[in-house]
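Structure data (mmCIF, C-alpha atoms) from query_22.cif:
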```cif
data_protein
#
loop_
_atom_site.label_atom_id
_atom_site.label_comp_id
_atom_site.auth_asym_id
_atom_site.auth_seq_id
_atom_site.Cartn_x
_atom_site.Cartn_y
_atom_site.Cartn_z
CA MET A 2 27.41 -85.84 -9.64
CA ALA A 3 29.29 -88.56 -7.78
CA ASP A 4 28.47 -87.13 -4.35
CA LEU A 5 24.69 -87.19 -4.85
CA LEU A 6 22.87 -89.70 -2.66
CA HIS A 7 21.39 -92.53 -4.72
CA PHE A 8 18.80 -95.21 -3.92
CA GLU A 9 21.58 -97.56 -2.79
CA ASP A 10 22.72 -95.08 -0.12
CA PHE A 11 19.50 -95.36 1.90
CA VAL A 12 19.13 -98.11 4.51
CA PRO A 13 16.35 -98.83 7.02
CA GLY A 14 16.86 -97.03 10.32
CA GLN A 15 18.94 -94.25 8.79
CA ALA A 16 18.03 -90.90 10.34
CA PHE A 17 18.23 -87.42 8.85
CA ARG A 18 18.04 -84.10 10.70
CA LEU A 19 16.46 -81.75 8.23
CA GLY A 20 16.61 -78.35 9.92
CA THR A 21 14.40 -75.95 11.81
CA HIS A 22 12.01 -73.15 10.96
CA VAL A 23 10.38 -70.34 12.97
CA LEU A 24 6.86 -69.59 11.80
CA THR A 25 6.08 -65.93 11.06
CA ALA A 26 2.64 -64.28 10.91
CA GLU A 27 3.39 -62.98 7.42
CA GLU A 28 3.98 -66.42 5.90
CA VAL A 29 1.06 -68.03 7.75
CA ILE A 30 -1.34 -65.37 6.46
CA GLU A 31 0.16 -65.34 2.96
CA PHE A 32 -0.21 -69.10 2.49
CA ALA A 33 -3.68 -69.15 4.04
CA ARG A 34 -5.03 -66.29 1.93
CA GLU A 35 -4.11 -68.27 -1.17
CA PHE A 36 -5.00 -71.81 -0.12
CA ASP A 37 -6.78 -72.00 3.26
CA PRO A 38 -8.58 -68.71 4.01
CA GLN A 39 -10.13 -69.53 7.38
CA PRO A 40 -10.02 -67.04 10.31
CA GLN A 41 -7.75 -69.21 12.48
CA HIS A 42 -5.09 -68.90 9.75
CA THR A 43 -5.70 -65.35 8.44
CA ASP A 44 -7.08 -63.18 11.27
CA PRO A 45 -5.00 -62.86 14.48
CA GLU A 46 -7.92 -61.55 16.55
CA ALA A 47 -10.45 -64.15 15.40
CA ALA A 48 -7.80 -66.86 15.78
CA LYS A 49 -7.59 -66.21 19.55
CA GLN A 50 -11.25 -67.28 19.84
CA SER A 51 -10.76 -70.43 17.75
CA MET A 52 -10.21 -74.02 18.87
CA LEU A 53 -6.51 -73.60 18.00
CA GLY A 54 -6.00 -70.73 20.45
CA GLY A 55 -4.12 -68.31 18.22
CA LEU A 56 -2.96 -67.61 14.69
CA ALA A 57 -1.98 -71.08 13.49
CA ALA A 58 -0.49 -72.45 10.29
CA SER A 59 -2.73 -74.33 7.88
CA GLY A 60 -1.94 -78.04 7.99
CA TRP A 61 -1.22 -77.86 4.26
CA HIS A 62 1.23 -75.04 4.96
CA LEU A 63 3.03 -77.26 7.48
CA GLY A 64 3.25 -79.95 4.81
CA ALA A 65 4.70 -77.47 2.33
CA LEU A 66 7.18 -76.19 4.93
CA ALA A 67 8.21 -79.78 5.68
CA MET A 68 8.77 -80.28 1.94
CA ARG A 69 11.04 -77.23 1.85
CA LEU A 70 13.09 -78.59 4.76
CA MET A 71 13.25 -82.00 3.01
CA VAL A 72 14.48 -80.42 -0.22
CA ASP A 73 17.05 -78.14 1.41
CA GLY A 74 18.21 -80.78 3.88
CA LEU A 75 18.24 -83.89 1.72
CA PHE A 76 16.63 -84.06 -1.72
CA ASN A 77 18.77 -81.42 -3.39
CA ARG A 78 21.86 -83.49 -2.56
CA ALA A 79 20.21 -86.67 -3.77
CA THR A 80 18.77 -88.11 -6.98
CA SER A 81 15.17 -87.42 -5.90
CA MET A 82 12.63 -88.15 -8.64
CA GLY A 83 9.46 -87.16 -6.80
CA SER A 84 6.92 -89.07 -4.75
CA PRO A 85 4.05 -91.38 -5.70
CA GLY A 86 2.21 -90.58 -2.48
CA ILE A 87 1.84 -90.30 1.27
CA ASP A 88 0.30 -93.05 3.39
CA GLU A 89 -0.96 -90.78 6.13
CA ILE A 90 -0.50 -87.27 7.50
CA GLN A 91 -1.34 -86.62 11.15
CA TRP A 92 -1.74 -83.07 12.37
CA ARG A 93 -1.24 -83.61 16.09
CA LYS A 94 -1.01 -80.09 17.56
CA PRO A 95 -1.54 -76.57 16.25
CA VAL A 96 1.62 -74.67 15.33
CA LEU A 97 1.26 -71.01 16.24
CA VAL A 98 3.10 -67.97 14.97
CA GLY A 99 6.51 -67.71 16.67
CA ASP A 100 6.81 -71.47 17.26
CA ARG A 101 10.09 -73.06 16.16
CA VAL A 102 9.72 -76.51 14.61
CA ARG A 103 12.26 -79.05 13.40
CA LEU A 104 11.94 -81.84 10.90
CA ASP A 105 13.48 -85.30 11.21
CA GLY A 106 13.29 -88.17 8.76
CA GLU A 107 13.87 -91.88 9.24
CA VAL A 108 14.12 -94.53 6.53
CA LEU A 109 11.53 -97.28 7.11
CA ASP A 110 12.30 -99.51 4.11
CA THR A 111 13.52 -99.50 0.51
CA ARG A 112 12.51 -101.43 -2.59
CA LEU A 113 13.47 -101.48 -6.24
CA SER A 114 11.09 -100.20 -8.89
CA THR A 115 10.10 -102.28 -11.90
CA ARG A 116 11.87 -99.51 -13.83
CA PRO A 117 15.59 -100.28 -13.68
CA ASP A 118 16.72 -96.68 -13.15
CA ARG A 119 15.08 -96.06 -9.77
CA GLY A 120 13.91 -97.35 -6.41
CA PHE A 121 11.50 -96.34 -3.65
CA VAL A 122 12.54 -95.21 -0.17
CA ARG A 123 9.80 -95.00 2.45
CA PHE A 124 10.40 -92.41 5.17
CA ARG A 125 8.68 -91.44 8.38
CA PHE A 126 8.96 -87.68 8.79
CA SER A 127 8.22 -85.99 12.09
CA MET A 128 7.87 -82.28 12.69
CA THR A 129 8.37 -81.49 16.37
CA ARG A 130 8.57 -78.38 18.49
CA ASP A 131 12.10 -77.17 19.07
CA GLU A 132 11.52 -75.04 22.15
CA ASP A 133 12.53 -75.53 25.77
CA ALA A 134 9.07 -75.96 27.30
CA ARG A 135 7.59 -78.36 24.74
CA LYS A 136 10.72 -79.64 23.00
CA GLY A 137 10.13 -82.82 21.07
CA GLU A 138 6.34 -82.58 21.04
CA PRO A 139 5.20 -83.90 17.67
CA VAL A 140 3.03 -81.50 15.70
CA MET A 141 2.89 -83.36 12.37
CA LEU A 142 3.81 -86.89 11.31
CA PHE A 143 3.70 -88.45 7.88
CA VAL A 144 4.91 -91.53 6.05
CA CYS A 145 5.97 -90.88 2.47
CA SER A 146 7.61 -92.83 -0.34
CA VAL A 147 10.19 -91.04 -2.48
CA MET A 148 11.78 -92.24 -5.72
CA PHE A 149 15.56 -92.01 -6.05
CA GLY A 150 17.74 -92.76 -9.03
CA ARG A 151 19.98 -95.84 -8.88
CA ARG A 152 23.70 -95.75 -9.47
CA ARG A 153 24.73 -96.77 -12.95
CA GLU A 154 25.95 -100.31 -12.84
CA ASP A 155 29.24 -99.37 -14.46
CA ALA A 156 29.80 -96.72 -11.80
CA ALA A 157 29.16 -98.97 -8.80
CA MET B 14 -23.38 -77.41 8.82
CA TRP B 15 -23.58 -79.66 11.87
CA PHE B 16 -22.16 -83.17 11.96
CA GLU B 17 -25.67 -84.61 12.01
CA ASP B 18 -26.49 -82.83 8.73
CA VAL B 19 -23.54 -84.09 6.67
CA PRO B 20 -24.95 -86.34 3.92
CA LEU B 21 -23.28 -89.70 3.25
CA ASN B 22 -22.30 -90.88 -0.23
CA ALA B 23 -23.11 -87.61 -1.96
CA LYS B 24 -20.47 -86.73 -4.55
CA VAL B 25 -19.97 -83.00 -4.98
CA THR B 26 -17.83 -81.08 -7.44
CA LEU B 27 -15.71 -78.62 -5.50
CA GLY B 28 -14.34 -76.62 -8.42
CA SER B 29 -11.52 -76.44 -10.94
CA TYR B 30 -8.01 -74.98 -11.01
CA THR B 31 -5.65 -74.47 -13.93
CA PHE B 32 -1.98 -75.15 -13.26
CA THR B 33 0.25 -72.77 -15.21
CA GLU B 34 4.00 -72.51 -15.57
CA GLU B 35 3.78 -69.35 -13.44
CA ASN B 36 1.82 -70.78 -10.52
CA ILE B 37 3.74 -74.09 -10.59
CA ILE B 38 7.10 -72.28 -10.37
CA SER B 39 5.86 -69.70 -7.88
CA PHE B 40 4.65 -72.37 -5.44
CA ALA B 41 7.68 -74.59 -5.89
CA LYS B 42 10.27 -71.82 -5.50
CA ARG B 43 8.85 -71.22 -2.06
CA TYR B 44 8.12 -74.75 -0.90
CA ASP B 45 9.51 -77.43 -3.20
CA PRO B 46 12.50 -76.12 -5.17
CA GLN B 47 13.45 -79.32 -6.98
CA PRO B 48 14.63 -78.83 -10.58
CA PHE B 49 11.60 -80.52 -12.18
CA HIS B 50 9.28 -78.07 -10.32
CA VAL B 51 11.14 -74.77 -10.77
CA ASP B 52 13.41 -74.92 -13.83
CA PRO B 53 11.79 -75.67 -17.22
CA GLU B 54 15.14 -76.52 -18.87
CA ALA B 55 16.33 -78.82 -16.11
CA ALA B 56 12.83 -80.34 -16.03
CA ALA B 57 13.07 -81.10 -19.76
CA ARG B 58 16.21 -83.14 -19.05
CA SER B 59 14.63 -84.94 -16.07
CA ALA B 60 12.72 -88.23 -16.08
CA TYR B 61 9.50 -86.19 -16.40
CA GLY B 62 10.56 -84.53 -19.66
CA GLY B 63 9.17 -81.16 -18.55
CA LEU B 64 7.95 -79.01 -15.71
CA ILE B 65 5.46 -80.61 -13.27
CA ALA B 66 3.59 -79.24 -10.25
CA SER B 67 4.66 -80.02 -6.69
CA GLY B 68 2.38 -82.59 -5.10
CA TRP B 69 1.87 -80.20 -2.18
CA HIS B 70 0.58 -77.64 -4.69
CA THR B 71 -1.96 -80.17 -6.04
CA ALA B 72 -2.91 -80.96 -2.43
CA ALA B 73 -3.24 -77.33 -1.25
CA VAL B 74 -5.51 -76.48 -4.19
CA TRP B 75 -8.05 -78.99 -2.82
CA MET B 76 -8.33 -76.93 0.38
CA LYS B 77 -8.75 -73.72 -1.62
CA LEU B 78 -11.54 -75.22 -3.72
CA MET B 79 -13.25 -76.90 -0.76
CA LEU B 80 -13.47 -73.57 1.10
CA ALA B 81 -14.66 -71.69 -1.99
CA HIS B 82 -17.34 -74.34 -2.50
CA ARG B 83 -18.50 -74.06 1.11
CA ARG B 84 -18.50 -70.26 0.97
CA ALA B 85 -20.66 -70.34 -2.17
CA ARG B 86 -23.14 -72.65 -0.43
CA ILE B 87 -23.32 -70.34 2.59
CA GLU B 88 -23.90 -67.32 0.33
CA ALA B 89 -26.62 -69.22 -1.51
CA GLY B 90 -28.32 -70.04 1.79
CA ALA B 91 -27.76 -73.78 1.31
CA GLU B 92 -25.51 -74.07 4.38
CA ALA B 93 -25.43 -72.12 7.64
CA THR B 94 -22.29 -70.40 8.87
CA GLN B 95 -20.66 -72.73 11.36
CA ALA B 96 -17.55 -72.97 13.49
CA ASN B 97 -14.47 -73.75 11.41
CA TYR B 98 -13.67 -77.32 10.60
CA VAL B 99 -10.49 -78.84 12.00
CA SER B 100 -8.70 -81.85 10.55
CA PRO B 101 -6.67 -84.37 12.59
CA GLY B 102 -5.03 -85.55 9.37
CA VAL B 103 -5.53 -87.10 5.95
CA ARG B 104 -4.80 -90.51 4.41
CA GLU B 105 -3.68 -92.20 1.20
CA LEU B 106 -2.52 -89.24 -0.87
CA ARG B 107 -1.74 -90.61 -4.33
CA TRP B 108 -0.11 -88.55 -7.06
CA LEU B 109 -1.04 -90.77 -10.01
CA LYS B 110 0.06 -88.61 -12.94
CA PRO B 111 2.37 -85.62 -13.20
CA VAL B 112 0.48 -82.31 -13.45
CA ARG B 113 1.93 -80.24 -16.30
CA PRO B 114 1.40 -76.55 -17.17
CA GLY B 115 -1.95 -76.00 -18.88
CA THR B 116 -3.69 -78.85 -17.03
CA THR B 117 -7.05 -77.96 -15.50
CA LEU B 118 -8.06 -80.29 -12.68
CA THR B 119 -11.60 -80.60 -11.34
CA TYR B 120 -11.78 -81.78 -7.73
CA THR B 121 -14.63 -83.84 -6.27
CA ASN B 122 -15.45 -84.96 -2.72
CA GLU B 123 -17.66 -87.82 -1.54
CA THR B 124 -18.30 -88.44 2.15
CA PHE B 125 -18.17 -92.16 2.91
CA ALA B 126 -17.99 -92.43 6.71
CA LYS B 127 -19.14 -90.63 9.85
CA ARG B 128 -17.56 -91.71 13.11
CA ASP B 129 -17.47 -90.82 16.80
CA TRP B 130 -14.38 -88.98 18.00
CA LYS B 131 -13.68 -90.10 21.55
CA THR B 132 -11.22 -87.41 22.61
CA ARG B 133 -13.62 -84.60 21.63
CA PRO B 134 -17.13 -86.07 21.92
CA GLN B 135 -18.72 -82.75 21.01
CA PHE B 136 -17.37 -83.37 17.49
CA GLY B 137 -17.82 -86.15 14.96
CA LEU B 138 -15.31 -87.29 12.33
CA VAL B 139 -16.30 -87.19 8.66
CA GLU B 140 -14.18 -89.00 6.06
CA GLY B 141 -14.40 -88.38 2.33
CA ARG B 142 -12.85 -89.64 -0.91
CA ASN B 143 -11.39 -86.93 -3.08
CA GLU B 144 -10.40 -87.04 -6.73
CA ALA B 145 -8.84 -84.59 -9.18
CA CYS B 146 -9.41 -85.27 -12.90
CA ASP B 147 -8.63 -83.40 -16.09
CA GLU B 148 -11.14 -82.51 -18.81
CA ARG B 149 -10.90 -86.01 -20.31
CA GLY B 150 -11.64 -87.67 -17.00
CA GLU B 151 -8.05 -88.84 -16.42
CA LEU B 152 -7.36 -89.25 -12.72
CA TYR B 153 -4.32 -87.33 -11.39
CA TYR B 154 -4.68 -87.21 -7.63
CA THR B 155 -6.73 -88.91 -4.91
CA PHE B 156 -6.80 -88.78 -1.12
CA VAL B 157 -9.04 -89.35 1.88
CA ASN B 158 -9.84 -86.24 3.91
CA ARG B 159 -10.86 -86.38 7.57
CA VAL B 160 -12.55 -83.50 9.35
CA LEU B 161 -14.00 -82.89 12.81
CA ILE B 162 -17.41 -81.19 12.70
CA ALA B 163 -19.34 -79.95 15.74
CA ARG B 164 -22.43 -81.88 16.74
CA ARG B 165 -25.72 -80.08 17.17
CA HIS B 166 -26.61 -82.30 20.10
CA SER B 167 -24.36 -83.25 22.98
CA PRO B 168 -24.26 -85.95 24.21
CA PRO B 169 -24.56 -87.31 20.67
CA PRO B 170 -27.66 -89.15 19.54
CA ALA B 171 -27.44 -92.26 17.39
CA LEU B 172 -26.17 -91.44 13.93
CA SER B 173 -28.70 -91.14 11.16
CA PRO B 174 -27.40 -92.01 7.71
CA LYS B 175 -29.71 -89.43 6.16
CA GLY B 176 -28.76 -86.53 8.43
CA GLY B 177 -31.10 -83.80 9.62
CA LYS B 178 -32.34 -80.56 8.15
CA GLU B 179 -30.17 -77.54 7.47
CA ASN B 180 -30.55 -74.95 10.20
#
```
Would you mind writing the file's structure down as structure tokens?
Amino acid sequence: MADLLHFEDFVPGQAFRLGTHVLTAEEVIEFAREFDPQPQHTDPEAAKQSMLGGLAASGWHLGALAMRLMVDGLFNRATSMGSPGIDEIQWRKPVLVGDRVRLDGEVLDTRLSTRPDRGFVRFRFSMTRDEDARKGEPVMLFVCSVMFGRRREDAA
Amino acid sequence: MWFEDVPLNAKVTLGSYTFTEENIISFAKRYDPQPFHVDPEAAARSAYGGLIASGWHTAAVWMKLMLAHRRARIEAGAEATQANYVSPGVRELRWLKPVRPGTTLTYTNETFAKRDWKTRPQFGLVEGRNEACDERGELYYTFVNRVLIARRHSPPPALSPKGGKEN
């Protein structure tokens, strides 16, 4: 377990590239049928008439996809102990089927918990388009605290 | 429902959802595959002492219940069919207690603010406090939702705290 990232390994300003994902119609519709069954997320024809301009992912789906990229790209090689909350989520632009997005994380600050085995790391995560025409355009931003286990003192 | 018709400070119960080992693992395998969300044995050894739901699962259930609540009101004739609501974001999501298998959470929503939205003046912004509690009233999850709702009148008239009639 020595190569897992611990609380002490995170420092303000540290940046993490957390991977990319191409949104498919199947996953957009599947998530939306279960959690957000509105036409702009479930019906390709009706979605063209909507404010979003085409079949678009639910904002909650984008959050869940970001979580998956965070887990695969960082948390599963760290001592993640879950999150007490998110300060704010901004959904800036619709993400349509076929769009490729990437997730980046930056450490804002860190603080120890009153519990001696863990500390809090506050991140800003940004999901941006990863396509030539609109590369870098933010589609979702959120600031989130995550708990990480501390190194045992005798192992430091 | 038009923006003008949204009542302020009315607390409504959106509905309830039971988290089970099956739906916790099913969601987390897809979106949040950390050991304490997907593996009961690893979860038992974790700081949580057992399986808990992903926070994104707890959050997504709110949307499911909100839409089911609205659909039921439309079917009952209490609310007119209206263009879909769009959200620019949400604030202050707080996962206060771990949600374990067998927990049934009841979600409530209370609108506390109605604001102008300068970039799309044909819409207004509604903000609401949301809570999810178990049967004993223990609070598990809170957040502030924000939604853009079309105005009946454009340009907008002065806001009325009481709102207008249903159309």
Exercise. Determine the residue set returned by the PyMOL selection byres ((chain A) within 6 of (chain B)) for the present structure, and present it as JSON, numbers by chain.
Key: {"A": [36, 37, 61, 65, 68, 69, 85, 86, 87, 88, 89, 90, 91, 92]}
Residues as selected, C-alpha atoms, written as a short mmCIF file (atom, residue, chain, number, x, y, z; two decimals), in the frame of the given file, can you do that?
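Result saved to again-v5.cif:
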```
data_model
loop_
_atom_site.label_atom_id
_atom_site.label_comp_id
_atom_site.auth_asym_id
_atom_site.auth_seq_id
_atom_site.Cartn_x
_atom_site.Cartn_y
_atom_site.Cartn_z
CA PHE A 36 -5.00 -71.81 -0.12
CA ASP A 37 -6.78 -72.00 3.26
CA TRP A 61 -1.22 -77.86 4.26
CA ALA A 65 4.70 -77.47 2.33
CA MET A 68 8.77 -80.28 1.94
CA ARG A 69 11.04 -77.23 1.85
CA PRO A 85 4.05 -91.38 -5.70
CA GLY A 86 2.21 -90.58 -2.48
CA ILE A 87 1.84 -90.30 1.27
CA ASP A 88 0.30 -93.05 3.39
CA GLU A 89 -0.96 -90.78 6.13
CA ILE A 90 -0.50 -87.27 7.50
CA GLN A 91 -1.34 -86.62 11.15
CA TRP A 92 -1.74 -83.07 12.37
#
```
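Of the listed residues (B:Arg149, B:Arg142, B:Arg165, B:Arg159), B:Arg142 comes nearest to Glu123 of chain B; the distances count only C-alpha atoms.
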Quiz item: So how far away is atom CA of Arg152 of chain A from atom CA of Arg78 of chain A, in Å?
Solution: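 Taking atom CA of Arg78 of chain A and atom CA of Arg152 of chain A, their separation equals 14.2 Å.
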Quick one: 5 Å padding each side, axis-aligned, all listed atoms of segment 81-96 of chain B - centre and edge lengths in Å to one decimal, as lines of an AutoDock Vina configuration file?
```
center_x = -21.5
center_y = -70.8
center_z = 5.5
size_x = 23.7
size_y = 17.0
size_z = 26.0
```
Practice problem: Would you write out, as a PyMOL selection string, every residue that the PyMOL selection byres ((chain A and resi 81) around 7) captures in this file? | Solution: chain A and resi 76+79-80+82-83+148-150
Can I get the selected residues back with C-alpha atoms, as a tab-separated table (two decimals), in the coordinates of the input?
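Final output, out.tsv:
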```tsv
chain	number	residue	atom	x	y	z
A	76	PHE	CA	16.63	-84.06	-1.72
A	79	ALA	CA	20.21	-86.67	-3.77
A	80	THR	CA	18.77	-88.11	-6.98
A	82	MET	CA	12.63	-88.15	-8.64
A	83	GLY	CA	9.46	-87.16	-6.80
A	148	MET	CA	11.78	-92.24	-5.72
A	149	PHE	CA	15.56	-92.01	-6.05
A	150	GLY	CA	17.74	-92.76	-9.03
```
For Leu113 of chain A: contacts at 10 Å, only C-alpha atoms, fewer than 6 positions along chain excluded, given as a compact mmCIF listing (two decimals) with C-alpha atoms, in the coordinates of the input:
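In the end it all went to out.txt:
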```
# COMPACT_ATOMS: atom_id res chain seq x y z
CA PHE A 8 18.80 -95.21 -3.92
CA GLU A 9 21.58 -97.56 -2.79
CA ARG A 119 15.08 -96.06 -9.77
CA GLY A 120 13.91 -97.35 -6.41
CA PHE A 121 11.50 -96.34 -3.65
CA VAL A 122 12.54 -95.21 -0.17
CA MET A 148 11.78 -92.24 -5.72
CA PHE A 149 15.56 -92.01 -6.05
CA ARG A 151 19.98 -95.84 -8.88
```
Quiz item: Which residues fall under the PyMOL selection byres ((chain A and resi 108) around 8) in this file, as a list in words?
Solution: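 That expression, the PyMOL selection byres ((chain A and resi 108) around 8), corresponds here to Phe11, Val12, Pro13, Gly14, Gln15, Ala16, Gly106, Glu107, Leu109, Asp110, Thr111, Val122, Arg123, Phe124 and Arg125 of chain A.
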Practice problem: Considering all atoms listed in the file, state which residue in the set B:Leu64, B:Thr119, B:Asp129, B:Ala163 is at the smallest distance from Met14 of chain B. | Solution: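 Going through B:Leu64, B:Thr119, B:Asp129, B:Ala163 one by one, the smallest distance to Met14 of chain B is for B:Ala163.
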Quiz prompt | Computed interatomic separation between atom CA of Ile87 of chain B and atom CA of Gly28 of chain B (Å) | solution =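 Atom CA of Ile87 of chain B sits 15.5 Å away from atom CA of Gly28 of chain B.
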Practice problem: Write out as number ranges by chain the residues lying within 12 Å of Leu19 of chain A, counting all atoms listed in the file and excluding same-chain residues fewer than 2 positions away. | Solution: A: 16-17, 21-22, 66-77, 102-107, 126-129
Prev. selection, C-alpha atoms, output as an mmCIF file, in the coordinates of the input:
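Produced file part_13.cif, reproduced below:
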```
data_model
loop_
_atom_site.group_PDB
_atom_site.id
_atom_site.type_symbol
_atom_site.label_atom_id
_atom_site.label_comp_id
_atom_site.auth_asym_id
_atom_site.auth_seq_id
_atom_site.Cartn_x
_atom_site.Cartn_y
_atom_site.Cartn_z
ATOM 1 C CA ALA A 16 18.030 -90.900 10.340
ATOM 2 C CA PHE A 17 18.230 -87.420 8.850
ATOM 3 C CA THR A 21 14.400 -75.950 11.810
ATOM 4 C CA HIS A 22 12.010 -73.150 10.960
ATOM 5 C CA LEU A 66 7.180 -76.190 4.930
ATOM 6 C CA ALA A 67 8.210 -79.780 5.680
ATOM 7 C CA MET A 68 8.770 -80.280 1.940
ATOM 8 C CA ARG A 69 11.040 -77.230 1.850
ATOM 9 C CA LEU A 70 13.090 -78.590 4.760
ATOM 10 C CA MET A 71 13.250 -82.000 3.010
ATOM 11 C CA VAL A 72 14.480 -80.420 -0.220
ATOM 12 C CA ASP A 73 17.050 -78.140 1.410
ATOM 13 C CA GLY A 74 18.210 -80.780 3.880
ATOM 14 C CA LEU A 75 18.240 -83.890 1.720
ATOM 15 C CA PHE A 76 16.630 -84.060 -1.720
ATOM 16 C CA ASN A 77 18.770 -81.420 -3.390
ATOM 17 C CA VAL A 102 9.720 -76.510 14.610
ATOM 18 C CA ARG A 103 12.260 -79.050 13.400
ATOM 19 C CA LEU A 104 11.940 -81.840 10.900
ATOM 20 C CA ASP A 105 13.480 -85.300 11.210
ATOM 21 C CA GLY A 106 13.290 -88.170 8.760
ATOM 22 C CA GLU A 107 13.870 -91.880 9.240
ATOM 23 C CA PHE A 126 8.960 -87.680 8.790
ATOM 24 C CA SER A 127 8.220 -85.990 12.090
ATOM 25 C CA MET A 128 7.870 -82.280 12.690
ATOM 26 C CA THR A 129 8.370 -81.490 16.370
#
```
